[in-house]
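A short write-up of the structure that comes next.
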Amino acid sequence: MSLQVSDLSFSYGSKTALQTVSFEVPRGRFAALLGPNGAGKSTLFSLLTRLFVTQTGSIAVAGHDLRKAPLAAMAELGVVFQQTTLDLDLTVQQNLRYFAALHGIAGRDADMRIDAALERLDMAERAGEKARGLNGGHRRRTEIARALLHQPKVLLLDEPTVGLDATTRAGLTQHIHDLCSETGVTVLWATHLTDEVADADQVVLLHRGRVLADGTCGTLRSDFALPDYFAQMTGAKV
């Protein structure tokens with residue numbers, strides 16, 4: 001498995017945010033972490049990225065235990081946070097070059113990886129543009145290209161389509177699905193929007209810190225649409 005979460009629990013003082021959360025995502029799979037606001041998605045992502053320290057349970061990335069071998073695990077992880085983290089005064093290429101340098105990637109190798117990543121995300125023509133001038137969708141594509149430079153085995157995206165229009169959301173979601181099939185990268189995509197999930201995708205339905213369901217979208221919806229299932233299980237409006 002590329003990503004394994006086992007019996008993960010986390011509390012903020014007396015408030016329980018996650019309770020015995022377990023799921024696995026295999027190589028090349030697009031998995032949607034689906035849940036309403038307050039479900040525990042952000043806490044889970046904070047644990048996956050080591051912003052928070054695991055209290056109970058374990059996380060493994062590409063076979064590396066995040067607690068026992070953090071450097072090896074984090075080296076296999078690419079992350080796109082909900083809030084943009086680009087330097088808006090740098091160009092697209094400069095943002096990627098800086099990130100590459102942080103990972104010890106330089107010279108011709110860096111140039112080749114940057115060119116390939118931007119080409120894959122249809123951003124090659126914008127390499128010389130400052131990030132400040134990009135629209136929301138192009139900023140997201142830049143961040144995804146950046147997150148893939150060190151060729152991680154697992155890509156985490158925390159509500160990456162927040163604030164984007166429906167057409168841009170659909171295009172970005174399709175790009176990530178294509179990445180899974182073309183490169184074999186494993187994706188965990190946190191969202192509360194059911195239309196971003198394809199029938200063949202894995203769905204981990206999180207609500208009030210617990211996993212309510214884990215399976216393919218087609219299996220979970222059975223005789224009713226996933227939005228109805230989501231509303232039925234969580235009480236959320238969709």
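Just remember, in the structure tokens the first chain shown is A, the second B, etc., residues are 1-based per chain, and ligands are 1-based in the order shown.
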Please return as a tab-separated table (two decimals) with C-alpha atoms, in the first residue's frame: the residues of region 31-124 of chain A that backbone DSSP assigns to strand (DSSP E).
```tsv
chain	number	residue	atom	x	y	z
A	31	ALA	CA	-9.02	8.31	-3.10
A	32	ALA	CA	-11.48	10.99	-2.04
A	33	LEU	CA	-11.53	11.86	1.66
A	34	LEU	CA	-15.12	13.00	1.75
A	56	THR	CA	-2.45	7.13	18.94
A	57	GLY	CA	-2.19	4.86	15.91
A	58	SER	CA	0.19	4.93	12.96
A	59	ILE	CA	0.69	6.32	9.45
A	60	ALA	CA	2.86	4.72	6.75
A	61	VAL	CA	3.82	6.42	3.48
A	64	HIS	CA	7.83	4.11	5.76
A	65	ASP	CA	6.41	4.64	9.24
A	77	LEU	CA	5.00	12.81	0.03
A	78	GLY	CA	3.81	15.72	-2.11
A	79	VAL	CA	1.38	18.19	-0.54
A	80	VAL	CA	-0.99	20.88	-1.81
```
Report as a PDB file with C-alpha atoms, in the first residue's frame all protein, DNA and RNA residues lying within 9 Å of region 188-200 of chain A, evaluated on only C-alpha atoms, omitting residues in the same chain fewer than 3 positions from it.
```
ATOM      1  CA  LEU A   3      -0.716   5.066   2.166  1.00  0.00           C
ATOM      2  CA  VAL A  25      -4.912   3.578  -0.458  1.00  0.00           C
ATOM      3  CA  ARG A  29      -5.456   5.068  -6.789  1.00  0.00           C
ATOM      4  CA  PHE A  30      -7.438   8.294  -6.550  1.00  0.00           C
ATOM      5  CA  ALA A  31      -9.025   8.309  -3.096  1.00  0.00           C
ATOM      6  CA  ALA A  32     -11.476  10.992  -2.038  1.00  0.00           C
ATOM      7  CA  LEU A  33     -11.526  11.858   1.657  1.00  0.00           C
ATOM      8  CA  LEU A  34     -15.117  13.004   1.747  1.00  0.00           C
ATOM      9  CA  GLY A  35     -16.691  14.764   4.682  1.00  0.00           C
ATOM     10  CA  PRO A  36     -18.534  17.915   5.746  1.00  0.00           C
ATOM     11  CA  ASN A  37     -16.796  20.802   7.467  1.00  0.00           C
ATOM     12  CA  LYS A  41     -10.251  16.151   7.425  1.00  0.00           C
ATOM     13  CA  SER A  42      -7.928  19.040   8.325  1.00  0.00           C
ATOM     14  CA  PHE A  45      -4.016  16.140   6.931  1.00  0.00           C
ATOM     15  CA  VAL A 154       1.800   9.910  -2.572  1.00  0.00           C
ATOM     16  CA  LEU A 155       0.133  13.258  -3.310  1.00  0.00           C
ATOM     17  CA  LEU A 156      -2.098  14.908  -0.699  1.00  0.00           C
ATOM     18  CA  LEU A 157      -4.495  17.677  -1.722  1.00  0.00           C
ATOM     19  CA  ASP A 158      -6.517  19.466   0.962  1.00  0.00           C
ATOM     20  CA  GLU A 159      -9.714  20.931  -0.558  1.00  0.00           C
ATOM     21  CA  PRO A 160      -7.740  22.108  -3.620  1.00  0.00           C
ATOM     22  CA  THR A 161     -10.753  23.442  -5.531  1.00  0.00           C
ATOM     23  CA  VAL A 162     -12.054  25.848  -2.871  1.00  0.00           C
ATOM     24  CA  ARG A 169     -12.841  22.456 -10.696  1.00  0.00           C
ATOM     25  CA  ALA A 170     -13.774  19.809 -13.242  1.00  0.00           C
ATOM     26  CA  THR A 173     -10.010  17.072 -10.958  1.00  0.00           C
ATOM     27  CA  GLN A 174      -9.573  15.423 -14.352  1.00  0.00           C
ATOM     28  CA  VAL A 203     -14.173   7.030  -1.123  1.00  0.00           C
ATOM     29  CA  THR A 216     -15.530   2.638  -4.376  1.00  0.00           C
ATOM     30  CA  CYS A 217     -17.997   5.353  -5.223  1.00  0.00           C
ATOM     31  CA  GLY A 218     -20.036   2.952  -7.367  1.00  0.00           C
ATOM     32  CA  THR A 219     -20.255   0.406  -4.559  1.00  0.00           C
ATOM     33  CA  LEU A 226     -23.481   9.469  -3.816  1.00  0.00           C
ATOM     34  CA  PRO A 227     -24.752  12.963  -2.873  1.00  0.00           C
ATOM     35  CA  PHE A 230     -23.460  11.505   1.750  1.00  0.00           C
ATOM     36  CA  VAL A 238     -25.710  18.729  -0.803  1.00  0.00           C
TER      37      VAL A 238
END
```
- Given only C-alpha atoms as the counted atoms, nearest of A:Ala62, A:Leu205, A:Leu149, A:Ala39 to Ala100 (chain A):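 Closest to Ala100 (chain A), using only C-alpha atoms: A:Leu149.
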- From the list A:Lys130, A:Lys153, A:Arg113, A:Lys15, which residue is nearest Gly63 (chain A) when using only C-alpha atoms?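 For Gly63 (chain A), the nearest of the given residues is A:Lys153.
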- Query: What's the 8 Å shell around Glu24 (chain A), counting only C-alpha atoms, without same-chain residues fewer than 3 positions away, as a ChimeraX atom specification?
  - Reply: /A:1-5
- Note on the structure: Min atom-atom distance to Asp201 (chain A) from the set A:Arg140, A:His177, A:Arg126, A:Arg146, counting only C-alpha atoms, belongs to A:His177
- Can you list, as a PyMOL selection string, every protein, DNA or RNA residue that comes within 8 Å of Leu172 (chain A) when you count only C-alpha atoms, leaving out same-chain residues fewer than 3 positions away? chain A and resi 137+141+161+168-169+175-176
Could you pull out the alpha helix (DSSP H) residues of region 64-154 of chain A from DSSP and send them as a tab-separated table (two decimals) with C-alpha atoms, in the first residue's frame?
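Saved result, out.tsv, follows:
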```tsv
chain	number	residue	atom	x	y	z
A	70	PRO	CA	9.89	10.63	9.23
A	71	LEU	CA	12.50	11.75	6.70
A	72	ALA	CA	11.99	8.71	4.47
A	73	ALA	CA	8.21	9.00	4.71
A	74	MET	CA	8.10	12.74	4.00
A	75	ALA	CA	10.44	12.31	1.02
A	92	VAL	CA	5.94	30.18	-11.90
A	93	GLN	CA	9.37	28.82	-12.85
A	94	GLN	CA	11.10	30.60	-9.96
A	95	ASN	CA	8.61	29.14	-7.48
A	96	LEU	CA	9.35	25.66	-8.76
A	97	ARG	CA	13.10	26.22	-8.90
A	98	TYR	CA	13.15	27.34	-5.26
A	99	PHE	CA	11.22	24.25	-4.21
A	100	ALA	CA	13.54	22.03	-6.24
A	101	ALA	CA	16.57	23.55	-4.49
A	102	LEU	CA	15.02	22.74	-1.10
A	107	GLY	CA	21.03	22.33	-12.62
A	108	ARG	CA	19.85	20.44	-15.65
A	109	ASP	CA	17.95	17.90	-13.55
A	110	ALA	CA	15.88	20.70	-12.02
A	111	ASP	CA	15.23	22.25	-15.43
A	112	MET	CA	14.06	18.93	-16.89
A	113	ARG	CA	11.77	18.20	-13.96
A	114	ILE	CA	10.28	21.69	-13.97
A	115	ASP	CA	9.65	21.60	-17.72
A	116	ALA	CA	8.04	18.15	-17.49
A	117	ALA	CA	5.85	19.08	-14.51
A	118	LEU	CA	4.59	22.29	-16.13
A	119	GLU	CA	3.96	20.51	-19.43
A	120	ARG	CA	1.95	17.81	-17.66
A	136	GLY	CA	-7.03	30.54	-9.01
A	137	GLY	CA	-6.97	27.50	-11.26
A	138	HIS	CA	-3.52	28.25	-12.65
A	139	ARG	CA	-2.15	28.87	-9.16
A	140	ARG	CA	-3.42	25.44	-8.14
A	141	ARG	CA	-1.83	23.81	-11.16
A	142	THR	CA	1.45	25.51	-10.31
A	143	GLU	CA	1.27	24.17	-6.76
A	144	ILE	CA	0.53	20.66	-8.03
A	145	ALA	CA	3.44	20.82	-10.47
A	146	ARG	CA	5.66	21.98	-7.61
A	147	ALA	CA	4.51	19.17	-5.34
```
- Message: Considering only C-alpha atoms, can you say which of A:Arg50, A:Arg221, A:Arg208, A:His150 comes closest to Thr20 (chain A)?
- Response: A:Arg208
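Separating CA of Gly28 (chain A) from CA of Thr167 (chain A) is a distance of 24.7 Å.
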- Message: Using Å and a single decimal, report how far CA of Gln202 (chain A) sits from CA of Asp7 (chain A).
- Response: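 Here the two named atoms are 19.0 Å from each other.
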